[in-house]
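S.K.: See model.cif below, with mmCIF, C-alpha atoms.
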data_work
#
loop_
_atom_site.label_atom_id
_atom_site.label_comp_id
_atom_site.auth_asym_id
_atom_site.auth_seq_id
_atom_site.Cartn_x
_atom_site.Cartn_y
_atom_site.Cartn_z
CA MET A 1 101.77 140.87 63.41
CA ARG A 2 104.15 140.11 66.28
CA VAL A 3 107.03 142.34 65.18
CA PHE A 4 106.47 145.59 67.03
CA LEU A 5 108.21 147.96 64.60
CA VAL A 6 106.40 146.51 61.60
CA SER A 7 103.12 146.77 63.48
CA LEU A 8 103.63 150.50 63.92
CA LEU A 9 104.36 150.97 60.23
CA LEU A 10 101.33 148.98 59.20
CA ALA A 11 99.02 150.79 61.58
CA ALA A 12 99.79 154.07 59.83
CA SER A 13 98.71 152.83 56.45
CA PRO A 14 95.15 151.50 55.93
CA ALA A 15 94.16 148.92 53.33
CA PHE A 16 93.26 151.75 50.97
CA VAL A 17 92.20 155.33 51.41
CA GLY A 18 90.15 157.86 49.48
CA ALA A 19 87.14 157.51 47.23
CA ALA A 20 87.11 156.61 43.56
CA ARG A 21 86.92 159.63 41.35
CA SER A 22 84.20 159.84 38.73
CA ASP A 23 85.56 158.18 35.63
CA GLU A 24 83.67 158.33 32.35
CA PHE A 25 86.10 155.79 30.88
CA VAL A 26 85.05 153.09 33.38
CA ASP A 27 81.34 153.80 33.06
CA SER A 28 81.56 153.80 29.26
CA LEU A 29 83.64 150.61 29.23
CA LEU A 30 81.25 148.72 31.50
CA THR A 31 78.18 149.89 29.58
CA ARG A 32 79.64 148.85 26.25
CA VAL A 33 80.83 145.43 27.45
CA ARG A 34 77.64 144.67 29.36
CA THR A 35 75.56 145.42 26.27
CA GLN A 36 77.86 143.49 23.95
CA TYR A 37 77.67 140.32 26.06
CA ALA A 38 74.02 140.72 27.18
CA LEU A 39 74.75 140.66 30.91
CA PRO A 40 72.17 141.79 33.49
CA ALA A 41 74.79 143.74 35.46
CA LEU A 42 78.52 144.37 35.40
CA ALA A 43 80.75 146.06 37.98
CA ALA A 44 84.47 146.76 38.31
CA ALA A 45 86.92 148.56 40.57
CA VAL A 46 90.62 149.42 40.51
CA VAL A 47 92.94 150.08 43.46
CA LYS A 48 96.38 151.51 42.72
CA ASN A 49 99.00 152.13 45.42
CA GLY A 50 96.35 151.74 48.08
CA ASN A 51 93.88 154.20 46.55
CA LEU A 52 90.55 153.35 45.00
CA VAL A 53 91.04 155.10 41.66
CA ALA A 54 88.00 153.82 39.79
CA ALA A 55 84.75 151.99 40.51
CA GLY A 56 81.60 151.51 38.50
CA ALA A 57 78.48 149.39 38.23
CA VAL A 58 75.97 149.26 35.37
CA GLY A 59 72.86 147.28 34.54
CA SER A 60 70.09 145.85 36.67
CA ARG A 61 69.84 143.68 39.75
CA LEU A 62 67.24 141.61 37.88
CA ALA A 63 67.33 140.86 34.16
CA GLY A 64 64.54 142.62 32.30
CA ALA A 65 63.75 144.96 35.21
CA ASP A 66 64.76 148.54 35.90
CA ILE A 67 66.50 148.07 39.26
CA PRO A 68 69.88 149.77 38.78
CA VAL A 69 72.95 148.30 40.44
CA THR A 70 75.34 150.42 42.49
CA THR A 71 78.95 150.07 43.61
CA ASP A 72 77.65 149.26 47.11
CA ASP A 73 75.61 146.27 45.92
CA ARG A 74 76.61 142.79 47.07
CA PHE A 75 77.95 140.45 44.38
CA HIS A 76 78.70 136.75 44.85
CA LEU A 77 82.43 135.88 44.71
CA GLY A 78 82.27 132.11 44.25
CA SER A 79 85.72 130.50 44.35
CA ASP A 80 87.44 133.82 45.00
CA THR A 81 86.52 132.88 48.58
CA LYS A 82 89.30 130.29 48.50
CA ALA A 83 92.02 132.90 49.03
CA MET A 84 90.19 133.99 52.18
CA THR A 85 90.01 130.41 53.47
CA ALA A 86 93.73 130.06 52.70
CA THR A 87 94.40 133.21 54.73
CA LEU A 88 92.47 131.78 57.69
CA ALA A 89 94.58 128.63 57.41
CA ALA A 90 97.73 130.77 57.39
CA MET A 91 96.55 132.44 60.61
CA MET A 92 96.23 129.01 62.20
CA VAL A 93 99.79 128.20 61.06
CA GLU A 94 101.16 131.41 62.58
CA GLU A 95 99.34 130.65 65.83
CA GLY A 96 100.88 127.17 65.99
CA LYS A 97 97.53 125.43 65.63
CA LEU A 98 98.37 124.03 62.19
CA ARG A 99 101.51 123.46 60.13
CA TRP A 100 101.76 123.61 56.35
CA ASN A 101 102.51 119.88 56.49
CA SER A 102 99.74 119.04 58.96
CA THR A 103 97.82 116.06 57.58
CA ILE A 104 94.12 115.36 57.40
CA GLY A 105 94.60 112.30 59.57
CA GLU A 106 96.60 114.20 62.18
CA VAL A 107 93.98 116.93 62.55
CA LEU A 108 90.71 115.14 61.78
CA GLY A 109 91.68 111.51 62.37
CA PRO A 110 90.22 111.33 65.90
CA ASP A 111 86.84 112.32 64.43
CA LEU A 112 87.27 110.33 61.20
CA PRO A 113 88.96 107.02 62.12
CA ASN A 114 88.30 105.09 58.89
CA LEU A 115 90.12 107.24 56.34
CA LYS A 116 92.23 105.56 53.67
CA PRO A 117 95.94 105.88 54.58
CA GLY A 118 96.82 107.90 51.48
CA PHE A 119 93.92 110.28 52.01
CA ALA A 120 94.79 110.71 55.69
CA ALA A 121 98.36 111.62 54.68
CA ILE A 122 97.29 114.61 52.52
CA THR A 123 98.78 117.84 53.87
CA LEU A 124 97.34 121.30 54.38
CA GLU A 125 99.60 122.74 51.68
CA GLN A 126 98.49 120.07 49.22
CA LEU A 127 94.85 120.87 49.91
CA LEU A 128 95.41 124.62 49.47
CA SER A 129 97.37 124.16 46.22
CA HIS A 130 95.00 121.59 44.67
CA THR A 131 97.75 118.95 44.65
CA SER A 132 96.06 116.60 47.12
CA GLY A 133 94.83 114.01 44.63
CA ILE A 134 91.22 114.79 45.55
CA PRO A 135 89.40 115.12 42.20
CA SER A 136 87.38 117.98 40.84
CA ASP A 137 83.66 117.77 41.60
CA ASN A 138 82.21 114.56 40.12
CA ASP A 139 78.84 112.88 40.51
CA GLU A 140 79.77 111.17 43.77
CA ILE A 141 81.09 114.36 45.37
CA THR A 142 78.20 116.47 44.10
CA LYS A 143 75.72 114.06 45.67
CA LEU A 144 77.38 114.71 49.02
CA TYR A 145 76.91 118.46 48.61
CA PHE A 146 73.26 118.17 47.65
CA SER A 147 72.25 115.30 49.94
CA PRO A 148 68.85 115.88 51.58
CA ASP A 149 70.38 114.49 54.79
CA ALA A 150 72.62 117.58 55.03
CA PHE A 151 69.79 119.62 56.51
CA ASP A 152 69.60 117.28 59.50
CA HIS A 153 73.12 118.14 60.69
CA PRO A 154 75.10 121.23 61.75
CA LEU A 155 77.43 122.47 59.00
CA LYS A 156 80.54 121.46 60.94
CA ASP A 157 79.26 117.90 61.32
CA TRP A 158 78.16 117.60 57.70
CA ARG A 159 81.54 118.75 56.43
CA LEU A 160 83.14 116.00 58.49
CA HIS A 161 80.59 113.54 57.12
CA MET A 162 81.44 114.46 53.52
CA ILE A 163 85.16 114.09 54.19
CA GLN A 164 84.59 110.72 55.85
CA ALA A 165 82.31 109.53 53.06
CA TRP A 166 84.91 110.30 50.41
CA GLY A 167 88.12 109.67 52.32
CA SER A 168 87.08 106.26 53.65
CA LYS A 169 86.61 104.99 50.08
CA HIS A 170 89.22 106.75 47.94
CA GLU A 171 92.97 107.13 47.91
CA PRO A 172 94.46 110.21 46.19
CA SER A 173 94.58 110.05 42.39
CA PHE A 174 96.13 112.43 39.90
CA PRO A 175 95.34 113.43 36.31
CA SER A 176 97.70 112.44 33.51
CA SER A 177 98.54 116.12 32.96
CA GLY A 178 100.27 116.50 36.34
CA LYS A 179 99.64 117.06 40.04
CA PHE A 180 97.16 119.95 39.76
CA GLN A 181 93.51 118.99 40.14
CA TYR A 182 91.05 121.70 41.17
CA ALA A 183 89.17 120.33 44.18
CA ASN A 184 86.38 122.10 46.03
CA LEU A 185 86.21 119.19 48.46
CA GLY A 186 89.84 119.91 49.30
CA TYR A 187 88.94 123.42 50.46
CA ILE A 188 85.95 122.10 52.40
CA THR A 189 88.46 119.82 54.14
CA VAL A 190 90.66 122.83 54.91
CA GLY A 191 87.61 124.51 56.43
CA ALA A 192 87.01 121.50 58.63
CA MET A 193 90.65 121.48 59.74
CA ILE A 194 90.42 125.18 60.63
CA GLU A 195 87.22 124.54 62.58
CA LYS A 196 88.83 121.66 64.49
CA VAL A 197 91.94 123.51 65.64
CA SER A 198 90.25 126.86 66.30
CA GLY A 199 87.09 125.56 67.95
CA GLU A 200 85.09 128.07 65.89
CA PRO A 201 82.87 127.66 62.81
CA TRP A 202 84.51 128.71 59.53
CA GLU A 203 81.69 131.20 58.98
CA ARG A 204 82.34 132.97 62.30
CA LEU A 205 86.08 133.15 61.61
CA MET A 206 85.42 134.74 58.24
CA TYR A 207 83.52 137.55 59.91
CA GLU A 208 85.89 137.97 62.85
CA ARG A 209 89.26 137.47 61.15
CA ILE A 210 88.70 138.70 57.55
CA PHE A 211 85.57 140.83 57.13
CA ALA A 212 85.76 142.89 60.35
CA PRO A 213 89.49 143.78 60.35
CA LEU A 214 89.33 144.86 56.69
CA GLU A 215 86.07 146.74 57.34
CA LEU A 216 84.27 144.85 54.58
CA LYS A 217 80.90 146.08 55.74
CA THR A 218 78.91 144.56 52.86
CA ALA A 219 80.54 141.14 53.19
CA GLY A 220 78.54 138.04 53.97
CA ILE A 221 78.22 134.35 53.17
CA GLY A 222 75.66 132.70 50.92
CA ALA A 223 73.11 134.15 48.51
CA GLN A 224 73.55 137.91 48.24
CA ALA A 225 69.90 139.07 48.17
CA THR A 226 67.58 139.20 51.19
CA PHE A 227 64.79 136.66 50.85
CA GLY A 228 61.86 138.33 49.08
CA LEU A 229 63.80 141.46 48.12
CA TYR A 230 65.82 142.58 45.14
CA ASP A 231 68.27 144.41 47.38
CA ALA A 232 71.31 142.99 45.58
CA PRO A 233 72.10 141.79 42.05
CA VAL A 234 70.47 138.35 42.04
CA GLY A 235 72.05 135.42 40.22
CA HIS A 236 71.00 134.24 36.77
CA ARG A 237 71.46 131.08 34.74
CA ILE A 238 71.72 131.02 30.97
CA ASP A 239 70.90 127.90 28.97
CA ASP A 240 72.28 126.68 25.63
CA LYS A 241 69.62 128.65 23.77
CA GLY A 242 70.48 131.89 25.54
CA LYS A 243 67.45 131.96 27.84
CA ILE A 244 68.21 133.82 31.08
CA THR A 245 66.50 132.66 34.29
CA PRO A 246 66.94 134.42 37.64
CA SER A 247 67.34 132.50 40.92
CA PRO A 248 67.02 135.21 43.54
CA TRP A 249 66.31 133.43 46.83
CA GLY A 250 66.29 130.22 48.80
CA GLN A 251 68.17 127.03 48.01
CA PRO A 252 68.36 127.62 44.23
CA ALA A 253 70.11 130.96 44.81
CA ASP A 254 73.43 129.44 45.90
CA LEU A 255 75.37 126.25 46.47
CA PRO A 256 74.74 124.33 49.72
CA SER A 257 76.11 126.03 52.83
CA SER A 258 78.50 123.16 53.52
CA VAL A 259 80.52 124.26 50.47
CA GLY A 260 81.28 127.61 52.16
CA PRO A 261 85.10 127.37 52.49
CA ALA A 262 85.34 126.65 48.76
CA GLY A 263 83.25 129.56 47.55
CA LEU A 264 80.25 131.25 49.20
CA ALA A 265 81.39 134.77 50.14
CA HIS A 266 79.69 137.88 48.78
CA MET A 267 80.43 141.62 49.03
CA SER A 268 80.32 144.88 47.08
CA ILE A 269 82.74 145.58 44.27
CA LYS A 270 84.43 148.20 46.46
CA ASP A 271 84.88 145.80 49.37
CA PHE A 272 86.13 143.14 46.96
CA ALA A 273 88.68 145.71 45.77
CA THR A 274 89.71 146.37 49.38
CA TRP A 275 90.44 142.67 49.87
CA ALA A 276 92.39 142.50 46.60
CA ALA A 277 94.35 145.66 47.43
CA TRP A 278 95.35 144.25 50.82
CA ASN A 279 96.87 141.31 48.96
CA ALA A 280 98.54 143.60 46.42
CA ALA A 281 100.42 145.34 49.23
CA GLU A 282 101.85 142.02 50.54
CA GLY A 283 102.06 143.31 54.10
CA LYS A 284 102.77 147.01 53.51
CA ARG A 285 99.31 148.11 54.67
CA SER A 286 97.14 147.29 57.63
CA PRO A 287 95.47 145.32 59.00
CA ALA A 288 98.24 142.84 59.79
CA LEU A 289 96.14 139.72 59.33
CA VAL A 290 99.28 137.64 58.80
CA LYS A 291 103.00 138.38 58.61
CA PRO A 292 104.31 139.67 55.25
CA GLU A 293 106.38 136.52 54.76
CA THR A 294 103.28 134.39 55.34
CA LEU A 295 101.25 136.36 52.80
CA LYS A 296 104.14 136.01 50.37
CA ARG A 297 103.97 132.25 50.82
CA LEU A 298 100.26 132.27 50.00
CA HIS A 299 101.15 134.06 46.74
CA THR A 300 104.12 131.84 45.77
CA PRO A 301 103.53 129.25 43.00
CA VAL A 302 103.39 125.63 44.11
CA VAL A 303 102.33 123.75 40.98
CA LYS A 304 101.94 124.31 37.26
CA MET A 305 98.38 124.12 35.99
CA GLU A 306 97.31 122.17 32.96
CA VAL A 307 93.53 122.49 32.72
CA LYS A 308 91.66 121.25 29.64
CA ASP A 309 88.23 122.75 28.92
CA PRO A 310 87.98 124.51 32.31
CA LYS A 311 84.59 125.35 33.72
CA PRO A 312 83.73 128.95 34.63
CA GLY A 313 85.14 129.76 38.03
CA THR A 314 88.30 127.66 37.75
CA PRO A 315 91.83 128.83 36.92
CA LYS A 316 92.80 128.07 33.35
CA SER A 317 96.57 127.96 32.98
CA GLY A 318 99.84 129.04 34.50
CA ALA A 319 100.53 128.11 38.11
CA TYR A 320 98.66 127.79 41.39
CA ALA A 321 99.81 129.04 44.78
CA LEU A 322 97.68 128.74 47.94
CA GLY A 323 94.20 130.03 47.09
CA TRP A 324 95.54 132.04 44.15
CA GLY A 325 96.29 131.26 40.54
CA LEU A 326 99.10 132.95 38.63
CA SER A 327 98.65 133.65 34.93
CA LYS A 328 100.52 135.54 32.24
CA PHE A 329 98.05 137.56 30.18
CA ASP A 330 98.79 139.13 26.83
CA TRP A 331 98.64 142.54 28.52
CA THR A 332 101.03 141.73 31.42
CA ASP A 333 104.80 141.39 31.33
CA LYS A 334 104.80 138.35 33.62
CA PRO A 335 102.37 136.18 35.59
CA ILE A 336 100.20 137.98 38.13
CA LEU A 337 97.87 136.72 40.83
CA THR A 338 94.40 135.95 39.55
CA HIS A 339 91.30 133.86 40.25
CA ASN A 340 87.78 133.45 38.97
CA GLY A 341 84.71 132.47 40.94
CA SER A 342 81.25 131.25 40.02
CA ASN A 343 78.44 129.43 41.79
CA GLY A 344 76.74 128.81 38.45
CA LEU A 345 74.63 131.96 38.83
CA ASN A 346 77.16 134.74 39.29
CA PHE A 347 80.73 135.53 38.30
CA ALA A 348 83.67 137.31 39.92
CA SER A 349 87.25 137.80 38.80
CA VAL A 350 90.30 139.35 40.44
CA GLU A 351 93.77 140.37 39.25
CA VAL A 352 96.52 141.38 41.66
CA ASP A 353 99.81 142.78 40.36
CA VAL A 354 102.05 142.97 43.42
CA GLU A 355 104.94 144.61 41.57
CA ASN A 356 102.71 147.52 40.52
CA ASP A 357 100.64 147.48 43.74
CA LEU A 358 97.52 147.17 41.60
CA ALA A 359 94.25 145.28 42.08
CA ILE A 360 91.40 144.97 39.59
CA VAL A 361 88.10 143.23 40.34
CA VAL A 362 85.13 142.53 38.06
CA THR A 363 81.76 141.01 38.99
CA SER A 364 78.47 140.11 37.30
CA ASN A 365 75.21 138.46 38.30
CA ILE A 366 75.18 135.77 35.63
CA SER A 367 77.20 132.69 34.74
CA GLY A 368 78.31 131.26 31.41
CA PRO A 369 81.08 131.77 28.83
CA ASN A 370 79.99 135.27 27.83
CA VAL A 371 80.68 136.73 31.25
CA ASP A 372 84.16 135.20 31.31
CA LYS A 373 84.95 136.90 28.00
CA ALA A 374 83.43 140.15 29.20
CA SER A 375 85.50 140.08 32.38
CA LEU A 376 88.74 139.56 30.48
CA GLU A 377 87.92 142.47 28.19
CA VAL A 378 87.27 144.76 31.15
CA MET A 379 90.38 143.55 32.97
CA LYS A 380 92.59 144.22 29.96
CA ALA A 381 91.22 147.70 29.37
CA LEU A 382 91.58 148.70 33.03
CA TYR A 383 95.08 147.23 33.35
CA GLU A 384 96.27 149.05 30.26
CA LYS A 385 94.77 152.32 31.48
CA TYR A 386 96.08 152.21 35.03
CA VAL A 387 99.44 150.50 34.46
CA ARG A 388 100.45 151.03 30.86
CA GLN A 389 99.45 154.65 30.57
CA PRO A 390 101.41 157.28 32.51
#
Let me see the structure of the file written as structure tokens.

M.R.:
Amino acid sequence: MRVFLVSLLLAASPAFVGAARSDEFVDSLLTRVRTQYALPALAAAVVKNGNLVAAGAVGSRLAGADIPVTTDDRFHLGSDTKAMTATLAAMMVEEGKLRWNSTIGEVLGPDLPNLKPGFAAITLEQLLSHTSGIPSDNDEITKLYFSPDAFDHPLKDWRLHMIQAWGSKHEPSFPSSGKFQYANLGYITVGAMIEKVSGEPWERLMYERIFAPLELKTAGIGAQATFGLYDAPVGHRIDDKGKITPSPWGQPADLPSSVGPAGLAHMSIKDFATWAAWNAAEGKRSPALVKPETLKRLHTPVVKMEVKDPKPGTPKSGAYALGWGLSKFDWTDKPILTHNGSNGLNFASVEVDVENDLAIVVTSNISGPNVDKASLEVMKALYEKYVRQP
């Protein structure tokens, strides 16, 4: 923050203060919902007016085992990482290293000379709002993520390779439903643009510019459990017959590292709540990662969403801003900031009501439709308790 007076005001007010009080309502809610939907673990936290008013975690780190989860355990956030990548991009804009209308060709063109003209003309704002014309993950894009050649290159170089491989063959294209088209490759491209103008890897910037200032001490990137240990809730897959299979370590435990800017962060439910609460304040609380007006821009709708049969981890309806969706739920008076995240093994969801200075986060260590339903049920109950009730 470069406005001195505002800096003083922000410095006096941390992201949130105090500890969550013991709340039988939250523990009972999570236990009931976890059992109803047969989830290995389920966690949630609520921050109201900068205070952590409730936090709970129930279940096991590993399905079928007695390894209780805690509110300090690391959960995978999936695509909820996108709002963090968008914030890093906003920092680059404030520093004059990028503009909202900076194009892929302008920033990456010297490294990627053979891009199609339409692809090269895509702007930073279009990438962040999923209006770039880059499609959702398809077979061709997925093959780039999972290419065995990726392990022969540094992450920065492989991200550029993926962008070149796609952008040299394809012009932007849009669905018949409108401009919105959820694109992980678009956020990988944003990551590459940030890396180019900053001279730093995206991963390092996440630690230095997001995790450290917010004191997210459990935050990291990639699979949440230490190799060989069940020191975090490990991810699980569920097949069509309901069989649950854990994937605790190694390559099967997460998406490839090159996908990082689109969705590989992890942290505890309490740290996730800290991040959400910082957004809920829209600049009223420290740290001053970006100016209040810049954060407001990240939260302002850009495009209406029309998503048919959305996959877990993608916004469903409403509008999309820059790294955030906006949806009107049946328990809210108007659209609020929201996003889901999933790497196919875990699930995380966030709601941010700026008007009420409220943030609610829910996480689980399994994917599939049941966890989405469970998350919505928990979100609704917590919102009604901490907003609707006096």

S.K.: Report, in Å to a single decimal, how far apart atom CA of A:His339 and atom CA of A:Pro246 are.

M.R.: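 Computing the Euclidean distance for atom CA of A:Pro246 and atom CA of A:His339 yields 24.5 Å.
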
S.K.: Tell me which residues come within 6 Å of (78.3, 135.5, 51.7), as a list in words, counting all atoms listed in the file in the file's coordinates.

M.R.: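 Those residues, ordered by chain and then number, are Gly220, Ile221, Gly222, Leu264, Ala265 and His266 of chain A.
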
S.K.: Return the single residue from A:Ala45, A:Ile134, A:Ala348, A:Ala273 that is closest to A:Asp27, with distances computed using all atoms listed in the file.

M.R.: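 Among A:Ala45, A:Ile134, A:Ala348, A:Ala273, it is A:Ala45 that comes nearest to A:Asp27.
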
S.K.: Please list as a PyMOL selection string every residue within 10 Å of A:Ala281, counting only C-alpha atoms and excluding residues in the same chain fewer than 2 positions away.

M.R.: chain A and resi 15-16+48-50+276-279+283-286+292+295+352-359

S.K.: Could you write out the selected residues, including C-alpha atoms, as a compact mmCIF listing (two decimals), in the coordinates of the input?

M.R.:
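Output file result.txt follows:
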# COMPACT_ATOMS: atom_id res chain seq x y z
CA ALA A 15 94.16 148.92 53.33
CA PHE A 16 93.26 151.75 50.97
CA LYS A 48 96.38 151.51 42.72
CA ASN A 49 99.00 152.13 45.42
CA GLY A 50 96.35 151.74 48.08
CA ALA A 276 92.39 142.50 46.60
CA ALA A 277 94.35 145.66 47.43
CA TRP A 278 95.35 144.25 50.82
CA ASN A 279 96.87 141.31 48.96
CA GLY A 283 102.06 143.31 54.10
CA LYS A 284 102.77 147.01 53.51
CA ARG A 285 99.31 148.11 54.67
CA SER A 286 97.14 147.29 57.63
CA PRO A 292 104.31 139.67 55.25
CA LEU A 295 101.25 136.36 52.80
CA VAL A 352 96.52 141.38 41.66
CA ASP A 353 99.81 142.78 40.36
CA VAL A 354 102.05 142.97 43.42
CA GLU A 355 104.94 144.61 41.57
CA ASN A 356 102.71 147.52 40.52
CA ASP A 357 100.64 147.48 43.74
CA LEU A 358 97.52 147.17 41.60
CA ALA A 359 94.25 145.28 42.08

S.K.: Report, in Å with one decimal, the straight-line distance from atom CA of A:Met305 to atom CA of A:Leu160.

M.R.: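 Straight-line distance from atom CA of A:Met305 to atom CA of A:Leu160 works out to 28.4 Å.
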
S.K.: Between atom CA of A:Val53 and atom CA of A:Asp23, what is the spacing in Å?

M.R.: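 Between these atoms lies a distance of 8.7 Å.
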
S.K.: Dump as a list of chain:residue names all residues having an atom at most 10 Å from (68.2, 131.2, 34.3), computed in the file's coordinates with only C-alpha atoms.

M.R.: A:Ala63, A:Gly235, A:His236, A:Arg237, A:Ile238, A:Asp239, A:Gly242, A:Lys243, A:Ile244, A:Thr245, A:Pro246, A:Ser247, A:Gly344, A:Leu345, A:Ile366, A:Ser367

S.K.: I need the residues from that last selection saved to file as a compact mmCIF listing (two decimals), in the coordinates of the input (with C-alpha atoms), if you can.

M.R.:
# COMPACT_ATOMS: atom_id res chain seq x y z
CA ALA A 63 67.33 140.86 34.16
CA GLY A 235 72.05 135.42 40.22
CA HIS A 236 71.00 134.24 36.77
CA ARG A 237 71.46 131.08 34.74
CA ILE A 238 71.72 131.02 30.97
CA ASP A 239 70.90 127.90 28.97
CA GLY A 242 70.48 131.89 25.54
CA LYS A 243 67.45 131.96 27.84
CA ILE A 244 68.21 133.82 31.08
CA THR A 245 66.50 132.66 34.29
CA PRO A 246 66.94 134.42 37.64
CA SER A 247 67.34 132.50 40.92
CA GLY A 344 76.74 128.81 38.45
CA LEU A 345 74.63 131.96 38.83
CA ILE A 366 75.18 135.77 35.63
CA SER A 367 77.20 132.69 34.74

S.K.: Step by step, work through what the PyMOL selection byres ((chain A and resi 219) around 9) selects in the shown file, and finish by giving those residues as a list of chain:residue names.

M.R.: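 Written out, the selection comes to A:Arg74, A:Tyr207, A:Phe211, A:Glu215, A:Leu216, A:Lys217, A:Thr218, A:Gly220, A:Ile221, A:Ala265, A:His266, A:Met267, A:Ser268, A:Asp271, A:Phe272.
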
S.K.: So for stretch 63-66 of chain A, what box centre and size do we get, axis-aligned, 4 Å extra on each of the six sides, every listed atom, Å to one decimal, as AutoDock Vina command-line options?

M.R.:
--center_x 65.5 --center_y 144.7 --center_z 34.1 --size_x 11.6 --size_y 15.7 --size_z 11.6

S.K.: Can you list every residue of stretch 76-110 of chain A that has an atom at most 12 Å from stretch 161-167 of chain A, with its nearest atom pair and the distance in Å to one decimal, using only C-alpha atoms, ordered by chain then number, as a Markdown table?

M.R.:
| residue | atom | partner | partner_atom | distance |
| --- | --- | --- | --- | --- |
| A:Ile104 | CA | A:Ile163 | CA | 9.6 |
| A:Gly105 | CA | A:Gly167 | CA | 10.1 |
| A:Leu108 | CA | A:Ile163 | CA | 9.5 |
| A:Gly109 | CA | A:Gln164 | CA | 9.7 |
| A:Pro110 | CA | A:Gln164 | CA | 11.5 |

S.K.: Generate the output file for the selected residues, C-alpha atoms, as a compact mmCIF listing (two decimals), in the frame of the given file.

M.R.:
# COMPACT_ATOMS: atom_id res chain seq x y z
CA ILE A 104 94.12 115.36 57.40
CA GLY A 105 94.60 112.30 59.57
CA LEU A 108 90.71 115.14 61.78
CA GLY A 109 91.68 111.51 62.37
CA PRO A 110 90.22 111.33 65.90

S.K.: With the PyMOL selection byres ((chain A and resi 385) around 12) as the selection, what would be picked from this file? Answer as a list in words, please.

M.R.: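 Listing what the PyMOL selection byres ((chain A and resi 385) around 12) selects in the shown file: Asp23, Phe25, Val26, Leu29, Val46, Lys48, Val53, Ala54, Trp331, Leu358, Ile360, Val378, Met379, Lys380, Ala381, Leu382, Tyr383, Glu384, Tyr386, Val387, Arg388, Gln389 and Pro390 of chain A.
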
S.K.: Determine the residue membership of the PyMOL selection byres ((chain A and resi 303) around 8) for the file above and supply it as a list in words.

M.R.: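 For this structure, the PyMOL selection byres ((chain A and resi 303) around 8) captures Ser129, Thr131, Lys179, Phe180, Pro301, Val302, Lys304, Met305, Ala319, Tyr320 and Ala321 of chain A.
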